[in-house]
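First comes the structure, then the notes that go with it.
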Amino acid sequence: MPLRGAEGLALPHRCFQAILLLALIVFLLAGFLHRDIRLFEPLLGGQAEGPPIINVMFLKTHKTASSTVLNILFRFAEMHNLSVALPAGSRFHLGYPWLFLARYVEGLESPGPQRHFNIMCNHLRFNLPEVQKVMPDDTFYFSILRNPVFQLESAFAYYRKDVPAFRAAGSLDAFLAAPRTYYHRGAGLRNAPARNGMWFDLGFDNDAPDDEAYVRARLADVERRFQLVLIAEHLDESLVLLRHLLRWRLDDVVAFPLNSRSPRSVAGLSPEARARARRWCALDWRLYEHFNRTLWARVRAELGPRRLRSELARLRARRRELAARCLQDGEAKNGSQITDRRLRPYQSGVADIMGYNLRRGLDNQTRQMCLRMVTPELQYMAHLYARQFPGKPPKNIPFLEE
């Protein structure tokens, strides 16, 4: 027989009181332990509310750990069957070092109905009006920066044979001792990597004077357009924040370092040489200092220190787990040690670019997952191009045919 009258009303009332009391206890306990209530999110899987963001533009700056980020985006696109804005024809970049034009993208080089893509992440020199012809209005824009001293050192090793200013100098120390002896604006865009390369990638004049009003205006331009700027020296923290903002799963942002050099090919710089590099690349230094500060301010505001520690631990533990499962000896190898030619990274300049061998005996599903994580960017781009444009001639990678 159903309950009636005061007795029937008392039971739901008592249940409501019990739920309210339990919620109050949890809230007071969290306050007593000085814990941010957001700490409980990892216990529930750490997933942010709402669907994942799938329209993403990543400005891939040079020599900034950007190849690792590109792999993350390529994998996400492939796993979710998303479209990628890829270089047209046989090209492997989107018009760099010239300012980007929409016609550099495969599928947009001829007149016709405008097409938009989900992911854009290949090298280009940023040109917002043209990028907006390719990407939807709700696109999430982000980029990455690196300490300009180490970015310049890496650029010198990688582009030593290609950049006139680097080619003329016997060493990076010699270049930094008298940069204007080797660097001439008459060489045009070919010398762009030799000074303020990240400033240049953002579409700005890398030879502009370090004028306070000009610099502040350009920094404001970047802040207005890019929802996030990662910092290479704090890549794990950056990826935790990126995952939070994009509402992606943990495995979506776990990555192995790609296109990184062996320690023996990294040049040590004296304190004097480092100071010269900061002065020579003063615009990049201002850019880096500013967005290093904003990254940490954003981390504090969005995550808080305790949740950051928790998420970092999860990210690093998962990377160690996947390295043990996927990689031969659980680590990167010198380029000459890569046994599968399809996984050999492109070697440039005097840099010794490292790569990976997969463990033997992996089941097919695990092997495919691991293969995506270790495929170098040129090979991955060619793979996505063939998949997305099956009627087009495939992209040939000359160094794999040697």
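Ordered as shown in the structure tokens, chains take letters A, B, and onward, while each chain numbers its residues from 1 and ligands are numbered from 1 in the order shown.
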Write out as CSV the residues of region 77-160 of chain A that have any atom within 10 Å of an atom of region 287-294 of chain A, one row each with the nearest atom pair and its distance in Å to one decimal, counting only C-alpha atoms, sorted by chain and then rising number.
```
residue,atom,partner,partner_atom,distance
A:Ile144,CA,A:Phe291,CA,9.4
A:Leu145,CA,A:Tyr288,CA,6.3
A:Arg146,CA,A:Tyr288,CA,6.7
A:Asn147,CA,A:Tyr288,CA,6.4
A:Pro148,CA,A:Tyr288,CA,7.3
```
Go ahead and write the selection's residues with N, CA, C and O atoms as a compact mmCIF listing (two decimals), in the first residue's frame.
```txt
# COMPACT_ATOMS: atom_id res chain seq x y z
N ILE A 144 53.72 27.29 -30.37
CA ILE A 144 54.73 26.89 -29.39
C ILE A 144 55.98 27.75 -29.58
O ILE A 144 56.33 28.12 -30.70
N LEU A 145 56.63 28.07 -28.46
CA LEU A 145 57.87 28.85 -28.46
C LEU A 145 58.93 28.11 -27.66
O LEU A 145 58.62 27.25 -26.84
N ARG A 146 60.18 28.50 -27.91
CA ARG A 146 61.31 27.91 -27.20
C ARG A 146 62.29 29.01 -26.82
O ARG A 146 62.33 30.06 -27.49
N ASN A 147 63.06 28.80 -25.78
CA ASN A 147 64.10 29.76 -25.42
C ASN A 147 64.91 30.09 -26.68
O ASN A 147 65.48 29.18 -27.31
N PRO A 148 64.96 31.35 -27.09
CA PRO A 148 65.61 31.72 -28.36
C PRO A 148 67.08 31.33 -28.46
O PRO A 148 67.59 31.11 -29.56
```
Exercise. Got a sec to tell me which of region 172-322 of chain A DSSP assigns to strand (DSSP E or B), as a VMD selection string?
Worked result: chain A and resid 228 to 231 261
For this session: Write out as a ChimeraX atom specification all residues of region 258-318 of chain A that backbone DSSP assigns to alpha helix (DSSP H).
Result: /A:271-280,282-302,305-318
Within 7 Å of region 365-379 of chain A using only C-alpha atoms, minus same-chain residues under 2 positions, as a PDB file with all heavy atoms, in the first residue's frame:
```pdb
ATOM      1  N   SER A  67      57.516  19.329 -33.878  1.00  0.00           N
ATOM      2  CA  SER A  67      57.241  18.066 -34.566  1.00  0.00           C
ATOM      3  C   SER A  67      56.546  17.076 -33.638  1.00  0.00           C
ATOM      4  O   SER A  67      55.730  16.258 -34.087  1.00  0.00           O
ATOM      5  CB  SER A  67      58.542  17.458 -35.096  1.00  0.00           C
ATOM      6  OG  SER A  67      59.088  18.254 -36.126  1.00  0.00           O
ATOM      7  N   ASN A  71      52.767  15.481 -34.393  1.00  0.00           N
ATOM      8  CA  ASN A  71      52.412  14.065 -34.316  1.00  0.00           C
ATOM      9  C   ASN A  71      51.130  13.867 -33.526  1.00  0.00           C
ATOM     10  O   ASN A  71      50.276  13.045 -33.899  1.00  0.00           O
ATOM     11  CB  ASN A  71      53.560  13.276 -33.691  1.00  0.00           C
ATOM     12  CG  ASN A  71      53.231  11.809 -33.504  1.00  0.00           C
ATOM     13  OD1 ASN A  71      52.764  11.397 -32.453  1.00  0.00           O
ATOM     14  ND2 ASN A  71      53.441  11.013 -34.551  1.00  0.00           N
ATOM     15  N   ARG A  75      47.842  12.234 -35.300  1.00  0.00           N
ATOM     16  CA  ARG A  75      47.209  11.043 -34.718  1.00  0.00           C
ATOM     17  C   ARG A  75      45.739  11.285 -34.405  1.00  0.00           C
ATOM     18  O   ARG A  75      44.881  10.450 -34.684  1.00  0.00           O
ATOM     19  CB  ARG A  75      47.948  10.628 -33.440  1.00  0.00           C
ATOM     20  CG  ARG A  75      49.238   9.889 -33.696  1.00  0.00           C
ATOM     21  CD  ARG A  75      50.129   9.866 -32.452  1.00  0.00           C
ATOM     22  NE  ARG A  75      49.403   9.840 -31.199  1.00  0.00           N
ATOM     23  CZ  ARG A  75      49.855  10.366 -30.058  1.00  0.00           C
ATOM     24  NH1 ARG A  75      51.044  10.963 -30.026  1.00  0.00           N
ATOM     25  NH2 ARG A  75      49.150  10.293 -28.958  1.00  0.00           N
ATOM     26  N   ALA A 255      52.931  11.628 -25.998  1.00  0.00           N
ATOM     27  CA  ALA A 255      53.773  11.582 -27.197  1.00  0.00           C
ATOM     28  C   ALA A 255      55.213  11.293 -26.828  1.00  0.00           C
ATOM     29  O   ALA A 255      55.662  11.589 -25.719  1.00  0.00           O
ATOM     30  CB  ALA A 255      53.690  12.913 -27.951  1.00  0.00           C
ATOM     31  N   PHE A 256      55.936  10.712 -27.789  1.00  0.00           N
ATOM     32  CA  PHE A 256      57.387  10.558 -27.686  1.00  0.00           C
ATOM     33  C   PHE A 256      58.046  11.727 -28.419  1.00  0.00           C
ATOM     34  O   PHE A 256      57.520  12.201 -29.426  1.00  0.00           O
ATOM     35  CB  PHE A 256      57.845   9.245 -28.321  1.00  0.00           C
ATOM     36  CG  PHE A 256      57.186   8.016 -27.773  1.00  0.00           C
ATOM     37  CD1 PHE A 256      56.756   7.005 -28.628  1.00  0.00           C
ATOM     38  CD2 PHE A 256      56.996   7.856 -26.410  1.00  0.00           C
ATOM     39  CE1 PHE A 256      56.143   5.859 -28.136  1.00  0.00           C
ATOM     40  CE2 PHE A 256      56.390   6.718 -25.897  1.00  0.00           C
ATOM     41  CZ  PHE A 256      55.959   5.723 -26.770  1.00  0.00           C
ATOM     42  N   LEU A 258      59.895  13.735 -31.042  1.00  0.00           N
ATOM     43  CA  LEU A 258      60.197  13.474 -32.445  1.00  0.00           C
ATOM     44  C   LEU A 258      61.044  14.606 -33.015  1.00  0.00           C
ATOM     45  O   LEU A 258      60.930  15.760 -32.600  1.00  0.00           O
ATOM     46  CB  LEU A 258      58.912  13.331 -33.255  1.00  0.00           C
ATOM     47  CG  LEU A 258      58.081  12.066 -32.991  1.00  0.00           C
ATOM     48  CD1 LEU A 258      56.799  12.098 -33.800  1.00  0.00           C
ATOM     49  CD2 LEU A 258      58.871  10.804 -33.307  1.00  0.00           C
ATOM     50  N   CYS A 326      55.971  -0.136 -26.514  1.00  0.00           N
ATOM     51  CA  CYS A 326      56.145   0.085 -27.950  1.00  0.00           C
ATOM     52  C   CYS A 326      57.586   0.008 -28.439  1.00  0.00           C
ATOM     53  O   CYS A 326      57.851  -0.470 -29.549  1.00  0.00           O
ATOM     54  CB  CYS A 326      55.610   1.472 -28.331  1.00  0.00           C
ATOM     55  SG  CYS A 326      53.825   1.697 -28.160  1.00  0.00           S
ATOM     56  N   LEU A 343      60.731   4.347 -40.993  1.00  0.00           N
ATOM     57  CA  LEU A 343      60.719   5.101 -39.734  1.00  0.00           C
ATOM     58  C   LEU A 343      61.964   5.956 -39.560  1.00  0.00           C
ATOM     59  O   LEU A 343      62.172   6.551 -38.499  1.00  0.00           O
ATOM     60  CB  LEU A 343      60.582   4.141 -38.551  1.00  0.00           C
ATOM     61  CG  LEU A 343      59.285   3.330 -38.498  1.00  0.00           C
ATOM     62  CD1 LEU A 343      59.262   2.452 -37.250  1.00  0.00           C
ATOM     63  CD2 LEU A 343      58.060   4.232 -38.538  1.00  0.00           C
ATOM     64  N   PRO A 345      64.090   9.142 -39.665  1.00  0.00           N
ATOM     65  CA  PRO A 345      63.820  10.578 -39.756  1.00  0.00           C
ATOM     66  C   PRO A 345      64.755  11.248 -40.758  1.00  0.00           C
ATOM     67  O   PRO A 345      65.868  10.772 -41.007  1.00  0.00           O
ATOM     68  CB  PRO A 345      64.094  11.084 -38.336  1.00  0.00           C
ATOM     69  CG  PRO A 345      65.091  10.111 -37.792  1.00  0.00           C
ATOM     70  CD  PRO A 345      64.779   8.777 -38.414  1.00  0.00           C
ATOM     71  N   TYR A 356      63.008   5.923 -33.731  1.00  0.00           N
ATOM     72  CA  TYR A 356      62.631   4.794 -32.884  1.00  0.00           C
ATOM     73  C   TYR A 356      62.529   3.507 -33.688  1.00  0.00           C
ATOM     74  O   TYR A 356      62.141   3.500 -34.863  1.00  0.00           O
ATOM     75  CB  TYR A 356      61.271   5.057 -32.218  1.00  0.00           C
ATOM     76  CG  TYR A 356      61.271   6.272 -31.327  1.00  0.00           C
ATOM     77  CD1 TYR A 356      60.862   7.512 -31.818  1.00  0.00           C
ATOM     78  CD2 TYR A 356      61.695   6.192 -30.008  1.00  0.00           C
ATOM     79  CE1 TYR A 356      60.857   8.638 -31.010  1.00  0.00           C
ATOM     80  CE2 TYR A 356      61.697   7.314 -29.188  1.00  0.00           C
ATOM     81  CZ  TYR A 356      61.281   8.540 -29.697  1.00  0.00           C
ATOM     82  OH  TYR A 356      61.289   9.650 -28.895  1.00  0.00           O
ATOM     83  N   LEU A 362      54.652  -7.395 -31.451  1.00  0.00           N
ATOM     84  CA  LEU A 362      53.454  -6.669 -31.043  1.00  0.00           C
ATOM     85  C   LEU A 362      52.247  -7.181 -31.818  1.00  0.00           C
ATOM     86  O   LEU A 362      52.346  -7.497 -33.006  1.00  0.00           O
ATOM     87  CB  LEU A 362      53.627  -5.171 -31.315  1.00  0.00           C
ATOM     88  CG  LEU A 362      54.759  -4.443 -30.577  1.00  0.00           C
ATOM     89  CD1 LEU A 362      54.876  -3.004 -31.068  1.00  0.00           C
ATOM     90  CD2 LEU A 362      54.525  -4.469 -29.069  1.00  0.00           C
ATOM     91  N   ASP A 363      51.104  -7.274 -31.158  1.00  0.00           N
ATOM     92  CA  ASP A 363      49.889  -7.626 -31.889  1.00  0.00           C
ATOM     93  C   ASP A 363      49.525  -6.475 -32.812  1.00  0.00           C
ATOM     94  O   ASP A 363      50.007  -5.344 -32.646  1.00  0.00           O
ATOM     95  CB  ASP A 363      48.744  -7.948 -30.925  1.00  0.00           C
ATOM     96  CG  ASP A 363      48.326  -6.749 -30.092  1.00  0.00           C
ATOM     97  OD1 ASP A 363      47.601  -5.880 -30.612  1.00  0.00           O
ATOM     98  OD2 ASP A 363      48.757  -6.671 -28.914  1.00  0.00           O
ATOM     99  N   MET A 381      52.850  12.697 -42.952  1.00  0.00           N
ATOM    100  CA  MET A 381      52.155  13.591 -43.857  1.00  0.00           C
ATOM    101  C   MET A 381      51.818  12.892 -45.170  1.00  0.00           C
ATOM    102  O   MET A 381      50.706  13.007 -45.694  1.00  0.00           O
ATOM    103  CB  MET A 381      53.005  14.827 -44.145  1.00  0.00           C
ATOM    104  CG  MET A 381      52.278  15.902 -44.942  1.00  0.00           C
ATOM    105  SD  MET A 381      53.378  17.121 -45.682  1.00  0.00           S
ATOM    106  CE  MET A 381      54.638  17.299 -44.460  1.00  0.00           C
ATOM    107  N   ALA A 382      52.806  12.147 -45.713  1.00  0.00           N
ATOM    108  CA  ALA A 382      52.575  11.417 -46.956  1.00  0.00           C
ATOM    109  C   ALA A 382      51.464  10.372 -46.781  1.00  0.00           C
ATOM    110  O   ALA A 382      50.643  10.168 -47.683  1.00  0.00           O
ATOM    111  CB  ALA A 382      53.868  10.754 -47.421  1.00  0.00           C
ATOM    112  N   HIS A 383      51.441   9.732 -45.629  1.00  0.00           N
ATOM    113  CA  HIS A 383      50.406   8.737 -45.331  1.00  0.00           C
ATOM    114  C   HIS A 383      49.020   9.384 -45.299  1.00  0.00           C
ATOM    115  O   HIS A 383      48.062   8.874 -45.912  1.00  0.00           O
ATOM    116  CB  HIS A 383      50.719   8.069 -43.992  1.00  0.00           C
ATOM    117  CG  HIS A 383      49.581   7.295 -43.406  1.00  0.00           C
ATOM    118  ND1 HIS A 383      49.117   6.110 -43.952  1.00  0.00           N
ATOM    119  CD2 HIS A 383      48.784   7.556 -42.324  1.00  0.00           C
ATOM    120  CE1 HIS A 383      48.097   5.663 -43.232  1.00  0.00           C
ATOM    121  NE2 HIS A 383      47.871   6.519 -42.240  1.00  0.00           N
TER     122      HIS A 383
END
```
Problem set entry | Residue neighbourhood region 80-87 of chain A, 7 Å, only C-alpha atoms, exclusion window fewer than 3 positions, as a PyMOL selection string | chain A and resi 76-77+91-94+104-106+117-120+385
Exercise. Nearest to Phe100 (chain A) among A:Pro179, A:Gly203, A:Pro52, A:Pro393, with distances taken over only C-alpha atoms: which residue is it?
Worked result: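 Nearest to Phe100 (chain A): A:Gly203.
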Exercise. In Å, how far is it from CA of Arg125 (chain A) to CA of Phe200 (chain A)?
Worked result: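 CA of Phe200 (chain A) lies at a distance of 7.2 Å from CA of Arg125 (chain A).
Checking A:Leu230, A:Ala102, A:Cys121, A:Leu327 one by one against Lys60 (chain A), counting only C-alpha atoms, you find the shortest gap at A:Cys121.
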Once you count only C-alpha atoms, what closest atom pair and distance in Å to one decimal does each residue of region 185-298 of chain A within 7 Å of region 310-324 of chain A have, with rows by chain and rising residue number, as JSON lines?
```
{"residue": "A:Asp236", "atom": "CA", "partner": "A:Leu312", "partner_atom": "CA", "distance": 6.8}
{"residue": "A:Glu237", "atom": "CA", "partner": "A:Leu312", "partner_atom": "CA", "distance": 6.8}
{"residue": "A:Val240", "atom": "CA", "partner": "A:Glu311", "partner_atom": "CA", "distance": 6.6}
{"residue": "A:Leu250", "atom": "CA", "partner": "A:Leu315", "partner_atom": "CA", "distance": 6.9}
{"residue": "A:Val254", "atom": "CA", "partner": "A:Arg319", "partner_atom": "CA", "distance": 6.0}
{"residue": "A:Ala255", "atom": "CA", "partner": "A:Arg319", "partner_atom": "CA", "distance": 6.8}
```
For this session: Have a look at A:Leu128, A:Ile353, A:Ile338, A:Ile231 and name the one nearest to Leu202 (chain A); count only C-alpha atoms.
Result: A:Leu128
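Minimum atom-to-atom distances from A:Pro263, A:Arg243, A:Gly349, A:Asn364 to Lys333 (chain A) were compared using only C-alpha atoms, and the lowest value belongs to A:Pro263.
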Exercise. To one decimal place, how far is CA of Phe58 (chain A) from CA of Asn122 (chain A) in Å?
Worked result: 7.9 Å
For this session: Would you list the contacts of Trp285 (chain A) as a PyMOL selection string, taking every protein, DNA or RNA residue within 12 Å and counting only C-alpha atoms, but skipping same-chain residues closer than 6 positions in sequence?
Result: chain A and resi 145-152+195-199+206+210+215+219+274-279+291-292
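A straight line drawn from CA of Leu283 (chain A) to CA of Gly268 (chain A) is 22.6 Å long.
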